[in-house]
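**Q** Structure file coords.cif (mmCIF, N, CA, C and O atoms) is given on the next line.
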data_final
loop_
_atom_site.label_atom_id
_atom_site.label_comp_id
_atom_site.auth_asym_id
_atom_site.auth_seq_id
_atom_site.Cartn_x
_atom_site.Cartn_y
_atom_site.Cartn_z
N LEU A 1 110.30 87.99 80.00
CA LEU A 1 110.55 89.03 80.95
C LEU A 1 111.53 88.60 82.03
O LEU A 1 111.76 89.32 82.97
N LEU A 2 112.09 87.42 81.88
CA LEU A 2 113.10 86.98 82.82
C LEU A 2 114.33 87.85 82.68
O LEU A 2 114.69 88.27 81.59
N GLY A 3 114.97 88.11 83.80
CA GLY A 3 116.16 88.93 83.78
C GLY A 3 115.89 90.42 83.77
O GLY A 3 116.80 91.21 83.82
N ARG A 4 114.63 90.80 83.69
CA ARG A 4 114.27 92.22 83.70
C ARG A 4 114.37 92.73 85.14
O ARG A 4 113.84 92.12 86.05
N PRO A 5 115.04 93.86 85.35
CA PRO A 5 115.19 94.37 86.72
C PRO A 5 113.86 94.84 87.29
O PRO A 5 112.99 95.30 86.56
N SER A 6 113.71 94.68 88.58
CA SER A 6 112.49 95.15 89.25
C SER A 6 112.50 96.67 89.26
O SER A 6 113.56 97.29 89.12
N PRO A 7 111.33 97.31 89.46
CA PRO A 7 111.30 98.77 89.53
C PRO A 7 112.24 99.31 90.61
O PRO A 7 112.87 100.33 90.43
N ALA A 8 112.35 98.59 91.73
CA ALA A 8 113.22 99.04 92.81
C ALA A 8 114.69 99.05 92.38
O ALA A 8 115.47 99.89 92.83
N ALA A 9 115.06 98.15 91.50
CA ALA A 9 116.45 98.08 91.04
C ALA A 9 116.79 99.24 90.11
O ALA A 9 117.94 99.57 89.92
N LEU A 10 115.77 99.85 89.52
CA LEU A 10 115.99 100.94 88.57
C LEU A 10 116.18 102.28 89.26
O LEU A 10 116.64 103.22 88.65
N GLY A 11 115.78 102.39 90.49
CA GLY A 11 115.87 103.65 91.22
C GLY A 11 115.57 103.41 92.68
O GLY A 11 115.67 102.28 93.15
N HIS A 12 115.19 104.46 93.36
CA HIS A 12 114.85 104.31 94.77
C HIS A 12 113.55 103.53 94.90
O HIS A 12 112.64 103.70 94.09
N PRO A 13 113.43 102.66 95.89
CA PRO A 13 112.20 101.87 96.07
C PRO A 13 110.94 102.73 96.15
O PRO A 13 109.89 102.32 95.67
N LEU A 14 111.04 103.94 96.70
CA LEU A 14 109.86 104.79 96.80
C LEU A 14 109.36 105.24 95.43
O LEU A 14 108.20 105.63 95.29
N ASP A 15 110.22 105.18 94.42
CA ASP A 15 109.84 105.60 93.07
C ASP A 15 108.73 104.74 92.47
O ASP A 15 108.06 105.17 91.53
N GLN A 16 108.54 103.54 92.98
CA GLN A 16 107.53 102.66 92.41
C GLN A 16 106.14 102.87 93.00
O GLN A 16 105.18 102.24 92.57
N LEU A 17 106.02 103.78 93.97
CA LEU A 17 104.72 104.02 94.60
C LEU A 17 103.92 105.05 93.82
O LEU A 17 104.48 105.95 93.19
N THR A 18 102.59 104.91 93.90
CA THR A 18 101.71 105.89 93.27
C THR A 18 101.74 107.18 94.09
O THR A 18 102.19 107.20 95.24
N ALA A 19 101.20 108.24 93.50
CA ALA A 19 101.14 109.52 94.21
C ALA A 19 100.35 109.39 95.51
O ALA A 19 100.76 109.92 96.55
N ARG A 20 99.25 108.66 95.47
CA ARG A 20 98.42 108.51 96.68
C ARG A 20 99.14 107.65 97.72
O ARG A 20 99.04 107.94 98.92
N GLU A 21 99.83 106.63 97.28
CA GLU A 21 100.60 105.82 98.22
C GLU A 21 101.69 106.66 98.88
O GLU A 21 101.96 106.52 100.07
N LEU A 22 102.29 107.57 98.12
CA LEU A 22 103.29 108.46 98.70
C LEU A 22 102.68 109.41 99.72
O LEU A 22 103.30 109.73 100.74
N ASP A 23 101.44 109.85 99.47
CA ASP A 23 100.72 110.67 100.45
C ASP A 23 100.57 109.91 101.76
O ASP A 23 100.81 110.43 102.84
N VAL A 24 100.16 108.65 101.64
CA VAL A 24 99.97 107.79 102.81
C VAL A 24 101.32 107.56 103.51
O VAL A 24 101.42 107.66 104.74
N VAL A 25 102.36 107.29 102.75
CA VAL A 25 103.68 107.04 103.30
C VAL A 25 104.19 108.26 104.07
O VAL A 25 104.79 108.12 105.15
N ALA A 26 103.99 109.44 103.53
CA ALA A 26 104.46 110.65 104.21
C ALA A 26 103.82 110.78 105.60
O ALA A 26 104.51 111.09 106.58
N LEU A 27 102.53 110.51 105.69
CA LEU A 27 101.85 110.59 106.98
C LEU A 27 102.24 109.43 107.88
O LEU A 27 102.41 109.60 109.09
N LEU A 28 102.38 108.27 107.29
CA LEU A 28 102.82 107.09 108.05
C LEU A 28 104.19 107.35 108.67
O LEU A 28 104.43 107.02 109.83
N ALA A 29 105.08 107.98 107.91
CA ALA A 29 106.43 108.26 108.40
C ALA A 29 106.42 109.28 109.54
O ALA A 29 107.36 109.33 110.33
N GLU A 30 105.35 110.06 109.64
CA GLU A 30 105.19 111.00 110.76
C GLU A 30 104.63 110.31 111.99
O GLU A 30 104.44 110.95 113.03
N GLY A 31 104.32 109.03 111.86
CA GLY A 31 103.78 108.28 112.99
C GLY A 31 102.26 108.33 113.10
O GLY A 31 101.71 107.95 114.13
N ARG A 32 101.60 108.75 112.04
CA ARG A 32 100.14 108.85 112.07
C ARG A 32 99.50 107.46 112.03
O ARG A 32 100.01 106.56 111.37
N SER A 33 98.38 107.33 112.70
CA SER A 33 97.62 106.09 112.68
C SER A 33 96.80 106.01 111.39
O SER A 33 96.63 107.02 110.68
N ASN A 34 96.28 104.83 111.09
CA ASN A 34 95.43 104.67 109.90
C ASN A 34 94.24 105.62 109.99
O ASN A 34 93.85 106.23 108.99
N ARG A 35 93.65 105.74 111.16
CA ARG A 35 92.49 106.62 111.33
C ARG A 35 92.87 108.08 111.05
O ARG A 35 92.14 108.81 110.39
N GLU A 36 94.02 108.51 111.55
CA GLU A 36 94.48 109.88 111.31
C GLU A 36 94.76 110.11 109.82
O GLU A 36 94.42 111.17 109.28
N ILE A 37 95.36 109.13 109.17
CA ILE A 37 95.63 109.23 107.73
C ILE A 37 94.32 109.33 106.97
O ILE A 37 94.17 110.15 106.06
N SER A 38 93.36 108.53 107.37
CA SER A 38 92.04 108.54 106.75
C SER A 38 91.41 109.93 106.82
O SER A 38 90.90 110.45 105.82
N ARG A 39 91.46 110.52 107.98
CA ARG A 39 90.87 111.87 108.17
C ARG A 39 91.63 112.92 107.38
O ARG A 39 91.02 113.81 106.78
N GLU A 40 92.95 112.84 107.41
CA GLU A 40 93.79 113.84 106.74
C GLU A 40 93.59 113.83 105.22
O GLU A 40 93.56 114.88 104.58
N LEU A 41 93.48 112.62 104.65
CA LEU A 41 93.38 112.49 103.19
C LEU A 41 91.95 112.36 102.68
O LEU A 41 91.73 112.23 101.48
N TYR A 42 90.98 112.37 103.61
CA TYR A 42 89.56 112.25 103.25
C TYR A 42 89.29 110.97 102.46
O TYR A 42 88.62 110.97 101.42
N ILE A 43 89.85 109.87 102.97
CA ILE A 43 89.60 108.56 102.38
C ILE A 43 89.16 107.60 103.49
O ILE A 43 89.39 107.87 104.68
N SER A 44 88.53 106.50 103.11
CA SER A 44 88.04 105.56 104.11
C SER A 44 89.19 104.83 104.80
O SER A 44 90.29 104.71 104.25
N LEU A 45 88.90 104.34 105.97
CA LEU A 45 89.88 103.55 106.72
C LEU A 45 90.28 102.31 105.92
O LEU A 45 91.45 101.93 105.88
N LYS A 46 89.31 101.71 105.24
CA LYS A 46 89.60 100.53 104.41
C LYS A 46 90.58 100.88 103.29
O LYS A 46 91.48 100.10 102.98
N THR A 47 90.42 102.05 102.70
CA THR A 47 91.31 102.49 101.63
C THR A 47 92.72 102.71 102.17
O THR A 47 93.71 102.34 101.53
N VAL A 48 92.82 103.30 103.35
CA VAL A 48 94.14 103.50 103.97
C VAL A 48 94.81 102.15 104.17
O VAL A 48 95.98 101.96 103.83
N LYS A 49 94.08 101.21 104.73
CA LYS A 49 94.64 99.87 104.98
C LYS A 49 95.10 99.23 103.68
O LYS A 49 96.15 98.58 103.64
N SER A 50 94.35 99.43 102.62
CA SER A 50 94.73 98.89 101.31
C SER A 50 96.02 99.54 100.82
O SER A 50 96.93 98.85 100.34
N HIS A 51 96.12 100.86 100.93
CA HIS A 51 97.33 101.55 100.51
C HIS A 51 98.54 101.09 101.32
O HIS A 51 99.61 100.84 100.76
N VAL A 52 98.37 100.98 102.63
CA VAL A 52 99.48 100.54 103.49
C VAL A 52 99.92 99.14 103.09
O VAL A 52 101.12 98.86 102.97
N SER A 53 98.97 98.26 102.83
CA SER A 53 99.30 96.90 102.43
C SER A 53 100.08 96.89 101.11
O SER A 53 101.09 96.19 100.98
N HIS A 54 99.64 97.69 100.14
CA HIS A 54 100.34 97.77 98.86
C HIS A 54 101.74 98.33 99.03
O HIS A 54 102.69 97.85 98.41
N VAL A 55 101.88 99.34 99.88
CA VAL A 55 103.19 99.94 100.14
C VAL A 55 104.14 98.90 100.74
O VAL A 55 105.29 98.77 100.29
N LEU A 56 103.67 98.17 101.74
CA LEU A 56 104.52 97.16 102.37
C LEU A 56 104.98 96.12 101.34
O LEU A 56 106.15 95.73 101.33
N THR A 57 104.06 95.71 100.48
CA THR A 57 104.39 94.73 99.45
C THR A 57 105.39 95.29 98.45
O THR A 57 106.41 94.66 98.14
N LYS A 58 105.11 96.48 97.93
CA LYS A 58 105.99 97.08 96.92
C LYS A 58 107.39 97.36 97.45
O LYS A 58 108.37 97.24 96.72
N LEU A 59 107.47 97.74 98.72
CA LEU A 59 108.78 98.06 99.30
C LEU A 59 109.46 96.83 99.90
O LEU A 59 110.58 96.92 100.39
N ASP A 60 108.75 95.72 99.88
CA ASP A 60 109.28 94.45 100.41
C ASP A 60 109.71 94.59 101.87
O ASP A 60 110.81 94.21 102.25
N VAL A 61 108.81 95.19 102.66
CA VAL A 61 109.04 95.33 104.09
C VAL A 61 107.83 94.76 104.84
O VAL A 61 106.79 94.51 104.23
N THR A 62 107.98 94.59 106.14
CA THR A 62 106.90 93.97 106.91
C THR A 62 106.28 94.89 107.96
O THR A 62 105.33 94.49 108.63
N SER A 63 106.81 96.10 108.10
CA SER A 63 106.26 96.96 109.14
C SER A 63 106.25 98.43 108.72
O SER A 63 107.03 98.85 107.85
N ARG A 64 105.41 99.18 109.39
CA ARG A 64 105.32 100.62 109.17
C ARG A 64 106.64 101.29 109.57
O ARG A 64 107.06 102.27 108.95
N THR A 65 107.30 100.76 110.58
CA THR A 65 108.57 101.30 111.03
C THR A 65 109.61 101.21 109.92
O THR A 65 110.38 102.16 109.70
N GLN A 66 109.63 100.10 109.21
CA GLN A 66 110.58 99.94 108.10
C GLN A 66 110.29 100.94 106.99
O GLN A 66 111.22 101.47 106.37
N VAL A 67 109.02 101.22 106.75
CA VAL A 67 108.66 102.23 105.75
C VAL A 67 109.18 103.59 106.19
O VAL A 67 109.79 104.32 105.41
N ALA A 68 108.96 103.93 107.46
CA ALA A 68 109.42 105.21 107.98
C ALA A 68 110.94 105.34 107.86
O ALA A 68 111.45 106.42 107.52
N LEU A 69 111.66 104.26 108.12
CA LEU A 69 113.12 104.29 107.97
C LEU A 69 113.54 104.53 106.52
O LEU A 69 114.49 105.28 106.27
N LEU A 70 112.85 103.89 105.58
CA LEU A 70 113.14 104.12 104.16
C LEU A 70 112.93 105.58 103.80
O LEU A 70 113.73 106.17 103.06
N VAL A 71 111.86 106.17 104.30
CA VAL A 71 111.57 107.57 104.02
C VAL A 71 112.67 108.46 104.60
O VAL A 71 113.17 109.37 103.93
N GLN A 72 113.07 108.20 105.83
CA GLN A 72 114.12 109.00 106.46
C GLN A 72 115.44 108.88 105.69
O GLN A 72 116.14 109.86 105.49
N ARG A 73 115.77 107.67 105.26
CA ARG A 73 117.00 107.47 104.49
C ARG A 73 116.93 108.22 103.16
O ARG A 73 117.91 108.81 102.71
N ALA A 74 115.76 108.19 102.53
CA ALA A 74 115.58 108.89 101.25
C ALA A 74 115.75 110.39 101.44
O ALA A 74 116.40 111.06 100.63
N ARG A 75 115.18 110.92 102.52
CA ARG A 75 115.31 112.36 102.79
C ARG A 75 116.77 112.72 103.07
O ARG A 75 117.26 113.74 102.62
N TRP A 76 117.46 111.88 103.83
CA TRP A 76 118.86 112.13 104.15
C TRP A 76 119.71 112.10 102.88
O TRP A 76 120.53 112.97 102.66
N THR A 77 119.49 111.09 102.05
CA THR A 77 120.24 110.96 100.80
C THR A 77 119.97 112.15 99.89
O THR A 77 120.89 112.70 99.29
N GLU A 78 118.71 112.55 99.82
CA GLU A 78 118.34 113.69 98.98
C GLU A 78 119.03 114.96 99.49
O GLU A 78 119.57 115.75 98.70
N ALA A 79 119.07 115.16 100.78
CA ALA A 79 119.72 116.34 101.35
C ALA A 79 121.23 116.31 101.09
O ALA A 79 121.83 117.34 100.80
N GLU A 80 121.81 115.14 101.20
CA GLU A 80 123.25 115.00 100.99
C GLU A 80 123.67 115.25 99.55
O GLU A 80 124.78 115.66 99.28
N THR A 81 122.77 114.97 98.61
CA THR A 81 123.11 115.10 97.19
C THR A 81 122.54 116.36 96.56
O THR A 81 122.71 116.56 95.36
N SER A 82 121.86 117.19 97.34
CA SER A 82 121.27 118.40 96.77
C SER A 82 122.36 119.40 96.39
O SER A 82 123.42 119.45 97.02
N PRO A 83 122.13 120.20 95.36
CA PRO A 83 123.13 121.19 94.94
C PRO A 83 123.48 122.17 96.06
O PRO A 83 124.64 122.56 96.20
N ALA A 84 122.51 122.56 96.88
CA ALA A 84 122.77 123.49 97.97
C ALA A 84 123.76 122.87 98.96
O ALA A 84 124.66 123.55 99.46
N HIS A 85 123.61 121.60 99.25
CA HIS A 85 124.50 120.93 100.20
C HIS A 85 125.90 120.82 99.60
O HIS A 85 126.89 121.04 100.28
N ARG A 86 125.97 120.48 98.33
CA ARG A 86 127.28 120.33 97.68
C ARG A 86 128.03 121.65 97.62
O ARG A 86 129.24 121.69 97.78
N SER A 87 127.32 122.77 97.41
CA SER A 87 128.00 124.06 97.32
C SER A 87 128.56 124.48 98.67
O SER A 87 129.53 125.22 98.72
N LYS A 88 127.98 124.02 99.77
CA LYS A 88 128.50 124.33 101.10
C LYS A 88 129.84 123.63 101.34
O LYS A 88 130.67 124.11 102.10
N ASP A 89 130.03 122.50 100.67
CA ASP A 89 131.26 121.72 100.86
C ASP A 89 132.45 122.33 100.13
O ASP A 89 133.57 121.94 100.36
N ARG A 90 132.20 123.25 99.25
CA ARG A 90 133.29 123.80 98.42
C ARG A 90 133.92 124.99 99.05
O ARG A 90 133.55 125.69 99.83
#
In structure tokens, write the structure found in this file.

**A**
Amino acid sequence: LLGRPSPAALGHPLDQLTARELDVVALLAEGRSNREISRELYISLKTVKSHVSHVLTKLDVTSRTQVALLVQRARWTEAETSPAHRSKDR
């Protein structure tokens, strides 16, 4: 398996997250605390902490702020490449 590209190399880093991790990331990017995420998603605080830890590891970042920046960049890139945006440029 040497030389095999990482999942992040194959697409956007957020693509390697599970659906539930993406739920957590969306709330994290809004500035929600672990307790608020726990209440919103009806999961334990320990589970939120586990998801956040996995997200940080998978995205190779060290802070929630870095995760939020990745999400904002992804949204910006998606908006810039959407068909609706491209048709406005013509």

**Q** Using only C-alpha atoms, which of A:Thr65, A:Glu36, A:Val52, A:Leu45 sits nearest Val24 of chain A?

**A**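 So, comparing all the options, the nearest one is A:Val52.
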
**Q** Atom O of Arg20 of chain A to atom CA of His51 of chain A: how many Å, to one decimal?

**A**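 Computing the Euclidean distance for atom O of Arg20 of chain A and atom CA of His51 of chain A yields 6.8 Å.
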
**Q** Separation of atom CA of Val25 of chain A and atom CA of Ala68 of chain A, in Å?

**A** 7.6 Å

**Q** When distances are computed from only C-alpha atoms, which of A:Asp23, A:Thr18, A:Trp76, A:Thr57 shows the smallest separation from Tyr42 of chain A?

**A**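 Using only C-alpha atoms, Tyr42 of chain A sits closest to A:Asp23.
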
**Q** Around segment 41-51 of chain A, with edges along x, y and z and 8 Å added on all six sides, what centre and edge lengths do you get, in Å to one decimal, as lines of an AutoDock Vina configuration file?

**A**
center_x = 93.8
center_y = 105.6
center_z = 103.5
size_x = 27.6
size_y = 30.0
size_z = 22.4

**Q** Between atom CA of Thr47 of chain A and atom CA of Leu70 of chain A, what is the distance in Å, rounded to a tenth?

**A** 22.0 Å

**Q** With only C-alpha atoms as the basis for distance, which of A:Ala79, A:Val48, A:Leu56, A:Ala74 is at the shortest distance from Leu27 of chain A?

**A**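 The closest residue to Leu27 of chain A is A:Val48.
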
**Q** Which residue out of A:His12, A:Lys49, A:His54, A:Arg35 has the minimum interatomic distance to Val71 of chain A when only C-alpha atoms are used?

**A**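 Nearest to Val71 of chain A: A:His12.
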